[in-house]
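Colleague: Take a look at the following structure, please.
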Amino acid sequence: MSWLRARLVGLRDAVAIRTGILRRPTPLHREFGWSRGTPIDRHYIEGFLDRHRNDIRGEVLEAAVAPNYTQQFGGDRVTTGHILYPVAGQPGTTLVGDLATGEGIPVAAFDTIILTQVFQFIYDMHAAVRHSYAALRPGGVLLATFAGISQISRSDMDNWGEYWRVTDASARRLFGDVFGADNVTVETYGNVLAASAFLHAMVTTDLTARELDYNDPNYQVIVAVRAVKPT
């Protein structure tokens with residue numbers, strides 16, 4: 001019966017979307033829409049990583065996420081994938097370390113670091129960028145994404161605290177101060193429809209590809225950074 005229940009929920013949501021979803025003060029779901037499909041922010045995050053998949057190679061460090069983006073986008077270019085978590089005991093973790101303090105983070109050890117939706121949960125974001133830089137080998141690449149227009153992730157807020165939202169301007173300056181401005185590329189994704197849909201926990205199948213991929217820099221759902229450590 002679980003499939004039928006999911007189908008009924010999907011039909012209910014489809015009716016709500018077609019009959020004026022923006023008039024409701026609460027979202028369809030609280031957890032970004034994961035129960036129905038792929039959240040809209042993940043469409044942009046995964047598109048960014050796909051476009052830069054050739055950067056994902058050698059020794060790769062990724063913060064604990066599901067799915068594993070190192071495997072998804074790195075393929076046979078990856079020698080070893082390492083999973084970072086700030087405390088011991090998380091299944092799948094291969095490295096326990098703190099990006100804010102640098103404790104447990106090896107120096108000049110990685111060819112690529114993938115940090116999707118991580119920095120917003122670190123209060124000392126400047127220190128986290130510096131320690132990420134130190135962990136890269138010369139010529140290594142950091143691929144990072146940030147929440148722009150987004151709800152609060154309540155479970156993360158309760159566990160770690162959620163401190164920041166960034167714009168392309170703040171991301172460019174934050175990483176440029178450490179990596180050098182010429183070594184940093186910043187991209188933004190989103191538009192007013194995608195932002196509104198994301199806040200209501202609609203998912204990618206609720207919008208067309210054209211609606212999702214139209215880019216309006218005044219409505220930044222995701223800010224993405226590619227930063228290269230100079231050789």
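Scheme for the structure tokens: letters A, B, ... for chains in order shown; per-chain residue numbers from 1; ligand numbers from 1 in order shown.
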Find the residues near range 155-171 of chain A: any atom within 7 Å, counting only C-alpha atoms, skip ones fewer than 3 places away on the same chain, and give them as a count of residues only.

Modeller: 12

Colleague: Sorted by chain and rising residue number, list the residues of range 105-190 of chain A at most 10 Å from range 81-89 of chain A (counting only C-alpha atoms), each with its closest atom pair and distance in Å to one decimal, as a Markdown table.

Modeller:
```
| residue | atom | partner | partner_atom | distance |
| --- | --- | --- | --- | --- |
| A:Ile105 | CA | A:Leu84 | CA | 9.0 |
| A:Phe110 | CA | A:His82 | CA | 9.3 |
| A:Thr112 | CA | A:Gly81 | CA | 9.6 |
| A:Ile113 | CA | A:His82 | CA | 9.4 |
| A:Ile114 | CA | A:Ile83 | CA | 9.8 |
| A:Leu115 | CA | A:Leu84 | CA | 9.7 |
```

Colleague: By how many Å are CA of Leu61 in chain A and CA of Val118 in chain A apart?

Modeller: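 Pair CA of Leu61 in chain A / CA of Val118 in chain A returns 12.8 Å.
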
Colleague: Which residues in range 28-155 of chain A does DSSP call alpha helix (DSSP H)? List them as a ChimeraX atom specification.

Modeller: /A:40-51,69-74,125-135,154-155

Colleague: Nearest to Val192 in chain A among A:Glu46, A:Val178, A:Ile149, A:Thr205, with distances taken over only C-alpha atoms: which residue is it?

Modeller: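 Nearest to Val192 in chain A: A:Ile149.
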
Colleague: Which one is closest to Thr26 in chain A: A:Leu199, A:Ala181, A:Ala227, A:Phe48? Count only C-alpha atoms.

Modeller: A:Leu199

Colleague: Given only C-alpha atoms as the basis, pick out the residue of A:Asn54, A:Gln90, A:Thr231, A:Asn215 nearest to Ala108 in chain A.

Modeller: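 Selected residue with least distance to Ala108 in chain A: A:Thr231.
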
Colleague: Name the closest residue to Gly140 in chain A among the candidates A:Lys229, A:Arg30, A:Arg210, A:Arg154; distances are taken between atoms, counting only C-alpha atoms.

Modeller: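 Counting only C-alpha atoms, the residue closest to Gly140 in chain A is A:Lys229.
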
Colleague: Choose the residue, out of A:His200, A:Gly97, A:Thr80, A:Ser132, that has the smallest atom-to-atom separation from Pro25 in chain A; count only C-alpha atoms.

Modeller: A:His200

Colleague: Would you list, as a VMD selection string, the residues of range 4-228 of chain A that end up in strand (DSSP E) under DSSP run on this structure's backbone?

Modeller: chain A and resid 58 to 63 78 to 85 95 to 96 110 to 116 136 to 147 184 to 189 222 to 228

Colleague: With C-alpha atoms kept, could you save the residues just selected as an mmCIF file, in the first residue's frame?

Modeller:
```
data_model
loop_
_atom_site.group_PDB
_atom_site.id
_atom_site.type_symbol
_atom_site.label_atom_id
_atom_site.label_comp_id
_atom_site.auth_asym_id
_atom_site.auth_seq_id
_atom_site.Cartn_x
_atom_site.Cartn_y
_atom_site.Cartn_z
ATOM 1 C CA GLY A 58 42.947 11.467 -8.021
ATOM 2 C CA GLU A 59 42.563 11.722 -4.262
ATOM 3 C CA VAL A 60 39.116 13.205 -3.609
ATOM 4 C CA LEU A 61 37.680 14.464 -0.328
ATOM 5 C CA GLU A 62 33.933 14.903 0.008
ATOM 6 C CA ALA A 63 31.770 15.838 2.961
ATOM 7 C CA VAL A 78 39.296 8.873 -8.920
ATOM 8 C CA THR A 79 42.116 7.004 -7.208
ATOM 9 C CA THR A 80 40.611 7.115 -3.714
ATOM 10 C CA GLY A 81 37.467 8.729 -2.375
ATOM 11 C CA HIS A 82 37.533 10.000 1.202
ATOM 12 C CA ILE A 83 34.412 10.915 3.191
ATOM 13 C CA LEU A 84 34.745 13.701 5.755
ATOM 14 C CA TYR A 85 32.567 14.048 8.834
ATOM 15 C CA LEU A 95 38.222 10.967 7.776
ATOM 16 C CA VAL A 96 37.106 12.730 10.945
ATOM 17 C CA PHE A 110 43.854 15.984 -2.070
ATOM 18 C CA ASP A 111 43.511 16.679 -5.769
ATOM 19 C CA THR A 112 39.823 17.569 -5.443
ATOM 20 C CA ILE A 113 37.547 18.600 -2.590
ATOM 21 C CA ILE A 114 33.763 18.503 -3.012
ATOM 22 C CA LEU A 115 31.799 20.508 -0.445
ATOM 23 C CA THR A 116 28.147 20.815 -1.407
ATOM 24 C CA LEU A 136 44.556 20.746 -1.572
ATOM 25 C CA ARG A 137 47.669 19.843 -3.493
ATOM 26 C CA PRO A 138 49.042 22.525 -5.844
ATOM 27 C CA GLY A 139 46.766 22.600 -8.868
ATOM 28 C CA GLY A 140 43.961 20.974 -6.886
ATOM 29 C CA VAL A 141 40.343 22.055 -7.282
ATOM 30 C CA LEU A 142 37.672 22.866 -4.721
ATOM 31 C CA LEU A 143 34.078 22.494 -5.940
ATOM 32 C CA ALA A 144 31.650 24.048 -3.478
ATOM 33 C CA THR A 145 27.988 25.009 -3.463
ATOM 34 C CA PHE A 146 26.065 27.292 -1.141
ATOM 35 C CA ALA A 147 22.422 27.875 -0.338
ATOM 36 C CA VAL A 184 38.012 31.513 -8.659
ATOM 37 C CA THR A 185 34.914 31.085 -10.817
ATOM 38 C CA VAL A 186 31.467 31.696 -9.352
ATOM 39 C CA GLU A 187 28.181 30.582 -10.931
ATOM 40 C CA THR A 188 24.588 31.188 -9.864
ATOM 41 C CA TYR A 189 21.476 29.149 -10.578
ATOM 42 C CA ILE A 222 22.359 28.054 -5.546
ATOM 43 C CA VAL A 223 25.748 29.742 -5.658
ATOM 44 C CA ALA A 224 28.558 27.480 -6.884
ATOM 45 C CA VAL A 225 32.321 27.997 -6.688
ATOM 46 C CA ARG A 226 35.218 26.426 -8.560
ATOM 47 C CA ALA A 227 38.505 27.423 -6.922
ATOM 48 C CA VAL A 228 41.946 26.236 -8.045
#
```

Colleague: Have a look at CA of Tyr214 in chain A and CA of Leu49 in chain A and let me know their distance in Å, one decimal.

Modeller: 18.1 Å
